[in-house]
>>> print(open('target_16.csv').read())   # CSV, C-alpha atoms
chain,number,residue,atom,x,y,z
A,1,MET,CA,-80.9,98.4,60.0
A,2,GLY,CA,-83.7,96.5,61.6
A,3,ASN,CA,-83.2,93.7,64.2
A,4,GLY,CA,-85.4,91.1,62.3
A,5,THR,CA,-88.7,91.9,64.0
A,6,GLY,CA,-91.5,93.8,62.3
A,7,ILE,CA,-91.0,97.0,64.4
A,8,GLY,CA,-87.2,96.7,63.9
A,9,ARG,CA,-87.6,96.6,60.2
A,10,VAL,CA,-90.0,99.6,60.4
A,11,ARG,CA,-87.4,101.6,62.4
A,12,GLY,CA,-84.5,100.6,60.1
A,13,LEU,CA,-86.1,100.6,56.7
A,14,GLY,CA,-89.4,102.4,57.0
A,15,SER,CA,-91.7,99.4,56.3
A,16,ALA,CA,-92.5,96.1,57.8
A,17,ARG,CA,-93.2,94.9,54.2
A,18,HIS,CA,-96.8,93.8,55.0
A,19,GLY,CA,-98.5,97.0,53.7
A,20,ALA,CA,-99.7,95.4,50.5
A,21,HIS,CA,-101.4,92.3,52.2
A,22,HIS,CA,-104.9,93.7,52.2
A,23,TRP,CA,-104.6,95.0,48.6
A,24,LEU,CA,-103.2,91.6,47.4
A,25,ALA,CA,-105.7,89.5,49.2
A,26,GLN,CA,-108.5,91.6,47.6
A,27,ARG,CA,-107.1,90.8,44.2
A,28,TYR,CA,-106.5,87.1,44.9
A,29,THR,CA,-110.1,86.7,46.0
A,30,ALA,CA,-111.3,88.7,43.1
A,31,VAL,CA,-109.7,86.2,40.7
A,32,GLY,CA,-111.3,83.4,42.8
A,33,ASN,CA,-114.7,85.1,42.6
A,34,LEU,CA,-114.3,85.7,38.8
A,35,LEU,CA,-113.7,82.0,38.1
A,36,LEU,CA,-116.1,80.4,40.7
A,37,VAL,CA,-119.1,82.7,40.4
A,38,LEU,CA,-119.0,82.4,36.5
A,39,TRP,CA,-118.8,78.7,37.0
A,40,LEU,CA,-122.0,78.9,39.3
A,41,ILE,CA,-123.9,81.0,36.8
A,42,PHE,CA,-123.0,78.7,33.8
A,43,SER,CA,-123.9,75.6,35.9
A,44,LEU,CA,-127.3,77.0,37.0
A,45,LEU,CA,-128.1,78.0,33.4
A,46,SER,CA,-127.3,74.5,32.2
A,47,LEU,CA,-129.1,72.5,34.9
A,48,PRO,CA,-132.3,70.8,33.7
A,49,GLY,CA,-134.3,72.5,36.4
A,50,LEU,CA,-133.8,74.5,39.7
A,51,ASP,CA,-136.4,72.5,41.7
A,52,TYR,CA,-135.4,71.0,45.1
A,53,ASP,CA,-134.4,67.6,43.9
A,54,SER,CA,-132.3,68.8,40.9
A,55,VAL,CA,-130.4,71.4,43.0
A,56,VAL,CA,-129.7,69.1,46.0
A,57,LEU,CA,-128.6,66.2,43.8
A,58,TRP,CA,-126.3,68.6,41.9
A,59,ILE,CA,-124.7,70.2,45.0
A,60,ALA,CA,-124.2,66.7,46.6
A,61,ASN,CA,-121.7,65.8,43.9
A,62,PRO,CA,-118.2,66.3,45.4
A,63,LEU,CA,-117.0,68.0,42.2
A,64,VAL,CA,-119.7,70.6,42.9
A,65,ALA,CA,-119.7,70.8,46.7
A,66,VAL,CA,-115.9,71.5,46.9
A,67,PRO,CA,-115.8,74.4,44.4
A,68,MET,CA,-119.0,75.7,45.9
A,69,MET,CA,-117.4,75.8,49.4
A,70,LEU,CA,-114.3,77.5,47.9
A,71,MET,CA,-116.6,80.1,46.3
A,72,ILE,CA,-118.3,80.9,49.6
A,73,VAL,CA,-114.9,81.4,51.3
A,74,SER,CA,-113.7,83.6,48.4
A,75,ILE,CA,-116.9,85.6,48.3
A,76,PHE,CA,-117.0,86.3,52.0
A,77,TRP,CA,-113.3,87.0,52.2
A,78,HIS,CA,-113.5,89.5,49.3
A,79,LEU,CA,-116.6,91.2,50.7
A,80,ARG,CA,-115.1,91.6,54.1
A,81,LEU,CA,-112.0,93.4,52.6
A,82,GLY,CA,-114.2,95.5,50.3
A,83,MET,CA,-116.7,96.6,52.9
A,84,GLN,CA,-113.8,97.4,55.2
A,85,VAL,CA,-112.5,99.9,52.7
A,86,MET,CA,-116.0,101.4,52.3
A,87,LEU,CA,-116.5,101.7,56.1
A,88,GLU,CA,-113.0,103.3,56.5
A,89,ASP,CA,-114.0,105.9,54.0
A,90,TYR,CA,-117.4,106.8,55.4
A,91,VAL,CA,-117.4,106.0,59.2
A,92,HIS,CA,-115.2,108.6,60.8
A,93,ASP,CA,-116.2,108.3,64.5
A,94,LYS,CA,-113.6,106.0,66.2
A,95,GLY,CA,-116.2,104.2,68.3
A,96,LEU,CA,-118.6,103.7,65.4
A,97,ALA,CA,-115.7,102.6,63.2
A,98,PHE,CA,-114.8,99.9,65.7
A,99,PHE,CA,-118.4,98.8,66.1
A,100,SER,CA,-119.0,98.6,62.3
A,101,MET,CA,-115.8,96.5,61.8
A,102,LEU,CA,-117.0,94.2,64.6
A,103,LEU,CA,-120.4,93.8,62.9
A,104,LEU,CA,-118.7,93.3,59.5
A,105,ASN,CA,-116.5,90.5,60.9
A,106,PHE,CA,-119.5,88.8,62.5
A,107,TYR,CA,-121.3,89.1,59.2
A,108,ALA,CA,-118.4,87.8,57.0
A,109,PHE,CA,-117.5,84.8,59.3
A,110,GLY,CA,-121.1,84.0,60.1
A,111,GLY,CA,-122.2,84.1,56.5
A,112,ALA,CA,-119.3,82.0,55.3
A,113,ALA,CA,-119.9,79.4,58.1
A,114,ALA,CA,-123.6,79.2,57.3
A,115,GLY,CA,-122.9,78.8,53.6
A,116,VAL,CA,-120.2,76.1,54.1
A,117,PHE,CA,-122.3,74.3,56.6
A,118,ALA,CA,-125.3,74.2,54.3
A,119,ILE,CA,-123.2,72.8,51.4
A,120,ALA,CA,-121.7,70.2,53.8
A,121,LYS,CA,-125.1,69.1,55.0
A,122,ILE,CA,-126.4,68.7,51.5
A,123,ALA,CA,-123.3,66.8,50.5
A,124,PHE,CA,-123.6,64.4,53.4
A,125,THR,CA,-127.3,63.9,53.8
A,126,GLY,CA,-128.6,64.5,50.2
A,127,VAL,CA,-132.3,64.8,49.5
A,128,VAL,CA,-134.5,65.1,52.6
A,129,GLU,CA,-138.0,63.6,52.3
B,1,MET,CA,-112.6,113.2,61.9
B,2,ALA,CA,-112.3,116.6,63.5
B,3,ARG,CA,-112.0,119.3,60.8
B,4,SER,CA,-111.2,123.0,61.1
B,5,ASN,CA,-113.9,125.1,59.5
B,6,SER,CA,-111.3,127.7,58.5
B,7,ARG,CA,-109.7,125.2,56.1
B,8,PRO,CA,-111.2,124.6,52.6
B,9,LEU,CA,-112.5,121.2,51.5
B,10,SER,CA,-111.2,119.8,48.3
B,11,PRO,CA,-113.6,119.9,45.4
B,12,HIS,CA,-116.1,117.1,45.7
B,13,LEU,CA,-118.9,115.3,43.8
B,14,THR,CA,-121.1,118.4,43.5
B,15,ILE,CA,-118.2,120.4,42.0
B,16,TRP,CA,-116.7,118.1,39.3
B,17,LYS,CA,-118.4,117.6,36.0
B,18,TRP,CA,-119.5,113.9,35.8
B,19,GLY,CA,-117.7,111.6,33.4
B,20,PRO,CA,-117.6,107.9,32.6
B,21,ALA,CA,-114.5,107.3,34.8
B,22,MET,CA,-116.3,108.8,37.9
B,23,ALA,CA,-119.5,106.9,37.2
B,24,ILE,CA,-117.7,103.5,36.9
B,25,SER,CA,-115.7,104.2,40.0
B,26,ILE,CA,-118.7,104.8,42.2
B,27,LEU,CA,-120.7,102.0,40.4
B,28,HIS,CA,-117.9,99.6,41.4
B,29,ARG,CA,-118.4,100.5,45.1
B,30,VAL,CA,-122.2,100.5,44.9
B,31,THR,CA,-122.5,97.2,43.1
B,32,GLY,CA,-119.8,95.7,45.3
B,33,ASN,CA,-121.6,96.6,48.5
B,34,GLY,CA,-124.9,95.5,46.9
B,35,LEU,CA,-123.5,92.1,46.1
B,36,ALA,CA,-121.9,91.9,49.5
B,37,THR,CA,-125.2,92.4,51.3
B,38,VAL,CA,-128.2,91.4,49.1
B,39,GLY,CA,-126.3,89.0,46.8
B,40,ALA,CA,-124.4,87.2,49.6
B,41,LEU,CA,-127.5,86.9,51.8
B,42,GLY,CA,-129.6,85.6,48.9
B,43,LEU,CA,-126.9,83.0,48.0
B,44,VAL,CA,-126.7,81.8,51.7
B,45,TRP,CA,-130.5,81.7,51.9
B,46,TRP,CA,-130.7,79.6,48.8
B,47,LEU,CA,-128.1,77.1,50.2
B,48,MET,CA,-129.7,77.1,53.6
B,49,ALA,CA,-133.1,76.4,52.1
B,50,ALA,CA,-131.8,73.6,50.0
B,51,ALA,CA,-130.0,72.1,53.1
B,52,THR,CA,-133.1,72.4,55.3
B,53,GLY,CA,-135.6,70.5,53.1
B,54,PRO,CA,-138.3,70.7,50.4
B,55,GLU,CA,-140.7,73.1,52.3
B,56,ALA,CA,-137.9,75.6,53.1
B,57,TYR,CA,-136.8,75.4,49.5
B,58,ALA,CA,-140.4,75.9,48.2
B,59,THR,CA,-140.6,79.1,50.4
B,60,PHE,CA,-137.3,80.4,48.9
B,61,MET,CA,-138.5,79.6,45.3
B,62,LYS,CA,-141.9,81.3,46.0
B,63,CYS,CA,-140.1,84.5,47.0
B,64,ALA,CA,-137.4,84.3,44.3
B,65,THR,CA,-139.9,83.8,41.5
B,66,SER,CA,-142.3,86.6,42.6
B,67,PRO,CA,-142.2,89.8,40.5
B,68,PHE,CA,-140.1,91.4,43.3
B,69,GLY,CA,-137.8,88.3,43.4
B,70,TYR,CA,-137.1,88.6,39.7
B,71,LEU,CA,-136.4,92.3,40.0
B,72,VAL,CA,-133.8,91.5,42.8
B,73,MET,CA,-132.3,88.7,40.8
B,74,ILE,CA,-131.9,90.7,37.6
B,75,GLY,CA,-130.5,93.6,39.7
B,76,ILE,CA,-127.9,91.2,41.3
B,77,THR,CA,-127.0,89.8,37.9
B,78,TRP,CA,-126.4,93.3,36.6
B,79,ALA,CA,-124.4,94.3,39.7
B,80,PHE,CA,-122.3,91.1,39.4
B,81,PHE,CA,-121.4,91.8,35.7
B,82,GLN,CA,-120.8,95.5,36.4
B,83,HIS,CA,-118.5,94.7,39.3
B,84,LEU,CA,-116.8,92.0,37.2
B,85,PHE,CA,-116.1,94.3,34.2
B,86,SER,CA,-115.1,97.3,36.4
B,87,GLY,CA,-112.9,94.8,38.4
B,88,LEU,CA,-111.2,93.7,35.2
B,89,ARG,CA,-110.6,97.4,34.4
B,90,HIS,CA,-109.0,97.7,37.8
B,91,PHE,CA,-106.6,94.8,37.0
B,92,VAL,CA,-105.5,96.7,33.9
B,93,LEU,CA,-105.1,99.9,35.8
B,94,ASP,CA,-103.1,98.0,38.5
B,95,MET,CA,-100.6,97.1,35.8
B,96,GLY,CA,-100.2,100.8,35.1
B,97,ALA,CA,-102.0,100.8,31.7
B,98,GLY,CA,-105.1,102.6,30.5
B,99,TYR,CA,-104.7,105.9,32.2
B,100,GLU,CA,-104.7,108.0,29.0
B,101,LEU,CA,-107.8,110.2,29.0
B,102,ASN,CA,-109.4,108.8,25.9
B,103,THR,CA,-108.5,105.2,26.6
B,104,ASN,CA,-109.8,105.5,30.2
B,105,LYS,CA,-113.0,107.0,29.0
B,106,SER,CA,-113.6,104.3,26.2
B,107,TRP,CA,-113.0,101.4,28.6
B,108,SER,CA,-115.2,102.9,31.3
B,109,ILE,CA,-118.1,103.2,28.8
B,110,ALA,CA,-117.3,99.7,27.3
B,111,ALA,CA,-117.5,98.1,30.8
B,112,MET,CA,-120.8,99.7,31.6
B,113,VAL,CA,-122.3,98.7,28.2
B,114,ALA,CA,-121.0,95.2,28.5
B,115,SER,CA,-122.6,94.6,31.9
B,116,VAL,CA,-126.0,95.7,30.6
B,117,LEU,CA,-125.6,93.5,27.5
B,118,VAL,CA,-124.5,90.4,29.3
B,119,THR,CA,-127.3,90.8,31.9
B,120,GLY,CA,-129.8,91.1,29.1
B,121,LEU,CA,-128.4,88.0,27.3
B,122,VAL,CA,-128.5,85.9,30.6
B,123,TRP,CA,-132.1,86.8,31.3
B,124,LEU,CA,-133.2,86.4,27.7
B,125,TYR,CA,-131.8,82.9,27.9
B,126,ILE,CA,-133.6,82.2,31.2
B,127,PHE,CA,-136.9,83.6,30.0
B,128,GLY,CA,-136.5,81.9,26.6
B,129,LYS,CA,-136.0,78.5,28.2
B,130,ALA,CA,-138.8,79.0,30.7
B,131,PHE,CA,-141.6,80.3,28.5
>>> encode(input="target_16.csv", output="structure tokens")
Amino acid sequence: MGNGTGIGRVRGLGSARHGAHHWLAQRYTAVGNLLLVLWLIFSLLSLPGLDYDSVVLWIANPLVAVPMMLMIVSIFWHLRLGMQVMLEDYVHDKGLAFFSMLLLNFYAFGGAAAGVFAIAKIAFTGVVE
Amino acid sequence: MARSNSRPLSPHLTIWKWGPAMAISILHRVTGNGLATVGALGLVWWLMAAATGPEAYATFMKCATSPFGYLVMIGITWAFFQHLFSGLRHFVLDMGAGYELNTNKSWSIAAMVASVLVTGLVWLYIFGKAF
């Protein structure tokens, strides 16, 4: 039997019991995207207009800004996991694989930070004249 | 990955006869990566433009409502619904259901038809409201 650490469990039982984490996180964020992006689409379709003032006033509402931030996190988390699987399938050179994962992480975290920052700025400063 | 040339490759895309299950599988990957790049960048651009001010937002709207902009937005809408419906199909397959040949074929076709239909409905609504 294992001695309680991850490697101990691997030696004793054949699995550290973390193998499904990527797979599960892909599905949790898929459900998040399903709900939140559909909410975004229905909201955009029912807004009176998509001009600057209408959009900023709408996003500044806390009941919009918070789900919008959650949507950004869910989207970028999901795309990081999904693009990782694509890269693992197609990029075989070890050095290139490392470099492409580095770029993917920069893209996913950078994009999520930019999106959340933009929503926060709109929520805190509102319409800019 | 290093491969010995004396060993055969397993049959690949050029060997198998194409069917709906293969098509929806590769569509899931293509639409997913399209949304992850074009879709996600467009979304962040829209939010950043709105956060920056009226001029930046006007620049975004000018690009988005150009003929090419509409083409990209309609493409992203289709990619989203295609990925959504094939994603729902994956949830069903994850539960161990829907692997029978005819069932699998029917739901693959249904998901592809549904994504085109819903994309058409969304854009008919948008163009109907605008013009």
>>> residues_around(input="target_16.csv", residues="A:Phe76", least_positions_apart="3", cutoff="7 Å", atoms="only C-alpha atoms", output="MDAnalysis selection string")
chainID A and resid 72:73 79:80 108 112
>>> atom_distance(input="target_16.csv", atom1="atom CA of B:Trp46", atom2="atom CA of B:Ile76")
14.1 Å
>>> closest_residue(input="target_16.csv", among="A:Val37, A:Leu50, A:Leu44, A:Ala25", to="B:Thr65", atoms="only C-alpha atoms")
A:Leu50
>>> interface_residues(input="target_16.csv", of="chain A", to="chain B", cutoff="7 Å", atoms="all atoms listed in the file", output="list in words")
Leu34, Tyr52, Val56, Leu79, Met83, His92, Asp93, Gly111, Ala114, Gly115, Ala118, Ile119, Lys121, Ile122 and Val128 of chain A
>>> atom_distance(input="target_16.csv", atom1="atom CA of A:Ile75", atom2="atom CA of B:Gly39")
10.1 Å
>>> atom_distance(input="target_16.csv", atom1="atom CA of A:Asn61", atom2="atom CA of B:Thr119")
28.3 Å
